[in-house]
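So this block is target_24.txt, compact mmCIF, C-alpha atoms:
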```
# COMPACT_ATOMS: atom_id res chain seq x y z
CA MET A 1 0.00 0.00 0.00
CA SER A 2 1.27 3.46 -0.89
CA ALA A 3 1.96 5.80 2.02
CA ASP A 4 -0.42 8.31 0.37
CA ALA A 5 -3.26 5.83 0.90
CA LEU A 6 -2.61 5.55 4.63
CA PRO A 7 -4.62 7.63 7.14
CA TYR A 8 -3.23 10.27 9.48
CA ARG A 9 -2.72 9.35 13.13
CA PRO A 10 -5.06 11.36 15.42
CA CYS A 11 -2.89 13.36 17.83
CA VAL A 12 -2.48 16.42 19.97
CA GLY A 13 0.35 18.92 20.23
CA ILE A 14 1.14 21.08 23.22
CA LEU A 15 2.86 24.43 23.53
CA VAL A 16 3.68 25.24 27.16
CA MET A 17 4.66 28.88 27.63
CA ASN A 18 6.41 30.14 30.75
CA ASN A 19 6.12 33.64 32.24
CA ALA A 20 9.02 34.87 30.10
CA GLY A 21 7.06 33.92 26.95
CA ASP A 22 9.35 31.02 26.09
CA VAL A 23 8.02 27.55 25.24
CA PHE A 24 9.10 24.07 26.30
CA VAL A 25 10.89 21.91 23.74
CA GLY A 26 12.44 18.50 24.24
CA GLN A 27 15.18 16.73 22.32
CA ARG A 28 13.80 13.39 21.19
CA MET A 29 15.71 10.29 22.25
CA ASP A 30 14.96 8.46 19.01
CA GLN A 31 16.40 11.07 16.66
CA ALA A 32 20.00 10.83 15.47
CA VAL A 33 19.95 14.52 14.48
CA GLU A 34 19.70 17.32 17.00
CA ALA A 35 16.00 18.04 16.68
CA TRP A 36 13.75 19.62 19.27
CA GLN A 37 9.97 19.62 19.52
CA PRO A 38 7.09 20.52 21.80
CA PRO A 39 5.28 17.61 23.51
CA GLN A 40 2.81 15.74 21.31
CA GLY A 41 1.22 12.34 21.06
CA GLY A 42 -1.69 10.16 20.11
CA ILE A 43 -5.30 10.46 21.14
CA ASP A 44 -6.59 7.21 22.63
CA PRO A 45 -9.92 5.82 21.31
CA GLY A 46 -12.80 7.70 22.95
CA GLU A 47 -10.47 10.30 24.50
CA GLU A 48 -11.19 14.01 24.13
CA PRO A 49 -8.32 16.06 22.64
CA LEU A 50 -7.88 18.29 25.72
CA ALA A 51 -7.70 15.24 27.99
CA ALA A 52 -5.16 13.70 25.61
CA ALA A 53 -3.09 16.89 25.69
CA LEU A 54 -2.95 16.94 29.49
CA ARG A 55 -2.15 13.21 29.60
CA GLU A 56 0.62 13.52 26.98
CA LEU A 57 2.03 16.57 28.76
CA GLY A 58 2.39 14.55 31.95
CA GLU A 59 3.74 11.47 30.17
CA GLU A 60 6.42 13.41 28.28
CA THR A 61 7.37 16.22 30.67
CA GLY A 62 6.17 15.22 34.13
CA ILE A 63 4.19 18.48 34.27
CA ALA A 64 1.02 17.94 36.28
CA PRO A 65 -2.32 19.32 35.02
CA ASP A 66 -2.53 21.76 37.95
CA LYS A 67 0.73 23.39 36.78
CA VAL A 68 -0.82 24.69 33.53
CA THR A 69 -3.81 26.72 32.44
CA LEU A 70 -5.31 26.65 28.95
CA ILE A 71 -4.79 29.82 26.90
CA ALA A 72 -6.00 28.69 23.46
CA ALA A 73 -6.64 25.72 21.19
CA THR A 74 -6.64 25.40 17.43
CA GLY A 75 -10.15 25.21 16.03
CA HIS A 76 -8.97 22.81 13.35
CA GLU A 77 -6.44 20.04 12.90
CA LEU A 78 -2.96 20.65 11.52
CA HIS A 79 -1.09 17.83 9.85
CA TYR A 80 2.25 16.67 8.55
CA ASP A 81 3.40 13.79 6.36
CA LEU A 82 6.28 11.54 7.24
CA PRO A 83 9.13 11.56 4.72
CA PRO A 84 9.05 8.63 2.25
CA GLU A 85 11.84 6.76 4.05
CA LEU A 86 9.78 6.71 7.28
CA ALA A 87 6.23 6.39 5.95
CA GLY A 88 5.01 2.83 6.27
CA ARG A 89 7.79 2.03 8.76
CA VAL A 90 7.12 3.94 11.97
CA TRP A 91 3.95 3.35 14.03
CA GLN A 92 3.82 -0.22 12.64
CA GLY A 93 3.33 1.24 9.17
CA LYS A 94 -0.29 2.24 9.90
CA TRP A 95 -0.04 6.01 9.38
CA ARG A 96 1.22 8.44 6.74
CA GLY A 97 1.75 11.20 9.29
CA GLN A 98 -0.20 12.92 12.02
CA ARG A 99 -3.23 15.20 12.23
CA GLN A 100 -3.06 17.21 15.39
CA ARG A 101 -5.18 19.50 17.53
CA TRP A 102 -2.85 21.97 19.25
CA PHE A 103 -3.19 23.51 22.71
CA LEU A 104 -1.37 26.49 24.18
CA PHE A 105 -0.94 26.41 27.95
CA ARG A 106 0.54 28.91 30.42
CA PHE A 107 3.02 27.17 32.74
CA LEU A 108 2.19 27.96 36.37
CA GLY A 109 4.98 25.95 37.96
CA ALA A 110 8.72 26.12 38.38
CA ASP A 111 11.43 24.34 36.42
CA ALA A 112 11.57 21.78 39.24
CA ASP A 113 8.06 20.69 38.17
CA VAL A 114 9.48 19.42 34.86
CA ASN A 115 10.76 15.84 34.92
CA ILE A 116 11.48 14.25 31.56
CA ALA A 117 12.67 11.01 33.21
CA THR A 118 9.18 9.55 32.88
CA GLU A 119 8.13 5.89 32.64
CA HIS A 120 8.34 5.96 28.83
CA GLN A 121 10.92 8.70 28.44
CA GLU A 122 10.88 10.41 25.04
CA PHE A 123 13.23 13.36 25.59
CA ARG A 124 16.94 13.27 26.48
CA ALA A 125 17.06 17.00 27.27
CA TRP A 126 14.71 19.97 27.47
CA GLN A 127 14.85 23.75 27.39
CA TRP A 128 12.76 26.91 27.18
CA VAL A 129 13.13 28.72 23.84
CA PRO A 130 11.44 31.72 22.23
CA ALA A 131 8.26 30.34 20.65
CA ARG A 132 9.12 31.70 17.23
CA GLN A 133 12.25 29.49 17.13
CA ILE A 134 10.51 26.11 17.31
CA ALA A 135 10.39 25.64 13.54
CA GLU A 136 14.13 26.34 13.26
CA LEU A 137 14.90 23.63 15.84
CA ALA A 138 12.68 20.94 14.30
CA VAL A 139 13.34 18.09 11.91
CA ASP A 140 12.76 19.24 8.34
CA PHE A 141 9.47 17.42 7.83
CA LYS A 142 7.86 19.17 10.83
CA LYS A 143 9.05 22.73 10.14
CA GLN A 144 5.90 23.77 8.23
CA LEU A 145 3.68 22.21 10.90
CA TYR A 146 5.33 24.38 13.56
CA ARG A 147 5.02 27.48 11.37
CA ASP A 148 1.29 26.70 11.13
CA VAL A 149 1.07 26.24 14.92
CA LEU A 150 2.77 29.60 15.47
CA ALA A 151 0.37 31.26 13.02
CA ALA A 152 -2.62 29.72 14.81
CA PHE A 153 -1.45 31.08 18.18
CA ASP A 154 0.04 34.33 16.87
CA ASP A 155 -2.23 36.60 18.96
CA HIS A 156 -1.12 34.83 22.18
CA LEU A 157 2.66 34.76 21.60
CA PRO A 158 5.19 37.47 22.39
CA ARG A 159 6.53 39.47 19.46
```
Written form, structure tokens:
Amino acid sequence: MSADALPYRPCVGILVMNNAGDVFVGQRMDQAVEAWQPPQGGIDPGEEPLAAALRELGEETGIAPDKVTLIAATGHELHYDLPPELAGRVWQGKWRGQRQRWFLFRFLGADADVNIATEHQEFRAWQWVPARQIAELAVDFKKQLYRDVLAAFDDHLPR
């Protein structure tokens, strides 16, 4: 089956912004290149996107739901395609890429509330970066996705 015929994996993406206006990014453990990304992950069957976002945030960053408050959400899904060399290989070959609902949260905690050494650790390192830099730090096939995320949340991000 051609990768173009495969469906998109239903997911969420999360931007967590601290008081300085910077956002959380993690360096994925499974990437050979130095690529950084905001937390994101799949929506379980029957799960609401906001619940999935809070669950994924905890699973990937250790940030508890009471350490964030919702600022905004995209009203539509954004998507990306995997590159041809990955399509049909990752996620047991079931998906061509991801379609994601994105959420922007204000971080209410302290850096000590972040713990990436979770049960199924995905990040080897993390940092706060200016939101408008996330596309520059990403793997090539996600750069446009992050530009779209930034455009969707433009009114809520520092200039």
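Restricting the calculation to all atoms listed in the file, the smallest distance between Leu108 of chain A and any of A:Asp140, A:Asp66, A:Glu122, A:Glu85 is found for A:Asp66.
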message = Calculated over all atoms listed in the file, which of the candidates A:Thr74, A:Pro39, A:Asp111, A:Leu82 has the smallest distance to Gly26 of chain A?
response =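 Looking only at the distances to Gly26 of chain A, the closest residue turns out to be A:Pro39.
The interatomic distance for the pair atom CA of Asn18 of chain A and atom CA of Phe141 of chain A works out to 26.4 Å.
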task = Compute the distance from (-3.1, 36.0, 23.7) to each atom, counting only C-alpha atoms, keep the residues with any atom at most 12 Å away, and return them as a ChimeraX atom specification; use the coordinates of the file.
result = /A:17,21,70-73,104-106,150,152-159
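Put simply, atom CA of Ala20 of chain A is 26.3 Å away from atom CA of Gln121 of chain A.
Summary of the local environment: counting all atoms listed in the file, residues at most 7 Å from Ile116 of chain A, other than itself and those fewer than 4 positions away along its chain, are Glu60, Thr61, Gly62, Gln121 and Phe123 of chain A.
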Prev. selection, C-alpha atoms, output as a PDB file, in the coordinates of the input:
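Okay, this is what ended up in again_13.pdb:
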```pdb
ATOM      1  CA  GLU A  60       6.420  13.410  28.280  1.00  0.00           C
ATOM      2  CA  THR A  61       7.370  16.220  30.670  1.00  0.00           C
ATOM      3  CA  GLY A  62       6.170  15.220  34.130  1.00  0.00           C
ATOM      4  CA  GLN A 121      10.920   8.700  28.440  1.00  0.00           C
ATOM      5  CA  PHE A 123      13.230  13.360  25.590  1.00  0.00           C
TER       6      PHE A 123
END
```
note = From the list A:Glu59, A:Arg89, A:Arg9, A:Val16, the nearest residue to Glu119 of chain A using only C-alpha atoms is A:Glu59
task = For atom CA of Gly93 of chain A and atom CA of Phe24 of chain A, quote the distance in Å rounded to one decimal.
result =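 Going from atom CA of Gly93 of chain A over to atom CA of Phe24 of chain A covers 29.1 Å.
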request  = Give the answer as one residue: which of A:Leu54, A:Val149, A:Asp22, A:Phe107 has the shortest atom-to-atom distance to Gly75 of chain A, using all atoms listed in the file?
outcome  =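 Comparing A:Leu54, A:Val149, A:Asp22, A:Phe107 against Gly75 of chain A, the winner is A:Val149.
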query = Which is closer to Tyr8 of chain A than all the others in A:Ala87, A:Ala125, A:Leu50, A:Ala151, using only C-alpha atoms?
reply =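 Among the listed residues, the smallest separation from Tyr8 of chain A belongs to A:Ala87.
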Write out as a compact mmCIF listing (two decimals) with C-alpha atoms, in the frame of the given file the residues lying within 12 Å of Glu77 of chain A, counting only C-alpha atoms and excluding same-chain residues fewer than 4 positions away.
```txt
# COMPACT_ATOMS: atom_id res chain seq x y z
CA TYR A 8 -3.23 10.27 9.48
CA ARG A 9 -2.72 9.35 13.13
CA PRO A 10 -5.06 11.36 15.42
CA CYS A 11 -2.89 13.36 17.83
CA VAL A 12 -2.48 16.42 19.97
CA GLY A 13 0.35 18.92 20.23
CA PRO A 49 -8.32 16.06 22.64
CA ALA A 73 -6.64 25.72 21.19
CA GLN A 98 -0.20 12.92 12.02
CA ARG A 99 -3.23 15.20 12.23
CA GLN A 100 -3.06 17.21 15.39
CA ARG A 101 -5.18 19.50 17.53
CA TRP A 102 -2.85 21.97 19.25
CA PHE A 103 -3.19 23.51 22.71
CA LEU A 145 3.68 22.21 10.90
CA ASP A 148 1.29 26.70 11.13
CA VAL A 149 1.07 26.24 14.92
CA ALA A 152 -2.62 29.72 14.81
```
File for segment 30-45 of chain A (N, CA, C and O atoms), as a tab-separated table (two decimals), in the first residue's frame:
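Resulting contents of decode33.tsv:
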```tsv
chain	number	residue	atom	x	y	z
A	30	ASP	N	14.88	9.35	20.16
A	30	ASP	CA	14.96	8.46	19.01
A	30	ASP	C	15.42	9.13	17.73
A	30	ASP	O	15.33	8.56	16.66
A	31	GLN	N	15.91	10.35	17.84
A	31	GLN	CA	16.40	11.07	16.66
A	31	GLN	C	17.92	11.12	16.67
A	31	GLN	O	18.52	11.48	17.69
A	32	ALA	N	18.54	10.77	15.57
A	32	ALA	CA	20.00	10.83	15.47
A	32	ALA	C	20.45	12.28	15.30
A	32	ALA	O	21.54	12.65	15.72
A	33	VAL	N	19.61	13.10	14.68
A	33	VAL	CA	19.95	14.52	14.48
A	33	VAL	C	19.51	15.30	15.71
A	33	VAL	O	18.68	14.86	16.48
A	34	GLU	N	20.09	16.48	15.88
A	34	GLU	CA	19.70	17.32	17.00
A	34	GLU	C	18.42	18.06	16.63
A	34	GLU	O	18.45	19.12	16.01
A	35	ALA	N	17.31	17.47	16.98
A	35	ALA	CA	16.00	18.04	16.68
A	35	ALA	C	15.22	18.19	17.98
A	35	ALA	O	15.27	17.32	18.84
A	36	TRP	N	14.53	19.30	18.08
A	36	TRP	CA	13.75	19.62	19.27
A	36	TRP	C	12.30	19.79	18.88
A	36	TRP	O	11.99	20.22	17.77
A	37	GLN	N	11.40	19.47	19.81
A	37	GLN	CA	9.97	19.62	19.52
A	37	GLN	C	9.19	19.83	20.80
A	37	GLN	O	9.62	19.42	21.87
A	38	PRO	N	8.01	20.44	20.66
A	38	PRO	CA	7.09	20.52	21.80
A	38	PRO	C	6.50	19.12	22.05
A	38	PRO	O	6.53	18.25	21.18
A	39	PRO	N	5.94	18.89	23.23
A	39	PRO	CA	5.28	17.61	23.51
A	39	PRO	C	4.12	17.37	22.54
A	39	PRO	O	3.44	18.31	22.13
A	40	GLN	N	3.92	16.12	22.18
A	40	GLN	CA	2.81	15.74	21.31
A	40	GLN	C	2.64	14.24	21.37
A	40	GLN	O	3.57	13.52	21.72
A	41	GLY	N	1.44	13.78	21.04
A	41	GLY	CA	1.22	12.34	21.06
A	41	GLY	C	-0.19	11.98	20.66
A	41	GLY	O	-1.03	12.85	20.42
A	42	GLY	N	-0.43	10.69	20.61
A	42	GLY	CA	-1.69	10.16	20.11
A	42	GLY	C	-2.86	10.36	21.04
A	42	GLY	O	-2.73	10.47	22.25
A	43	ILE	N	-4.03	10.41	20.41
A	43	ILE	CA	-5.30	10.46	21.14
A	43	ILE	C	-5.81	9.02	21.23
A	43	ILE	O	-5.94	8.33	20.22
A	44	ASP	N	-6.07	8.56	22.44
A	44	ASP	CA	-6.59	7.21	22.63
A	44	ASP	C	-8.04	7.14	22.16
A	44	ASP	O	-8.76	8.15	22.19
A	45	PRO	N	-8.51	5.95	21.73
A	45	PRO	CA	-9.92	5.82	21.31
A	45	PRO	C	-10.86	6.31	22.40
A	45	PRO	O	-10.72	5.96	23.58
```
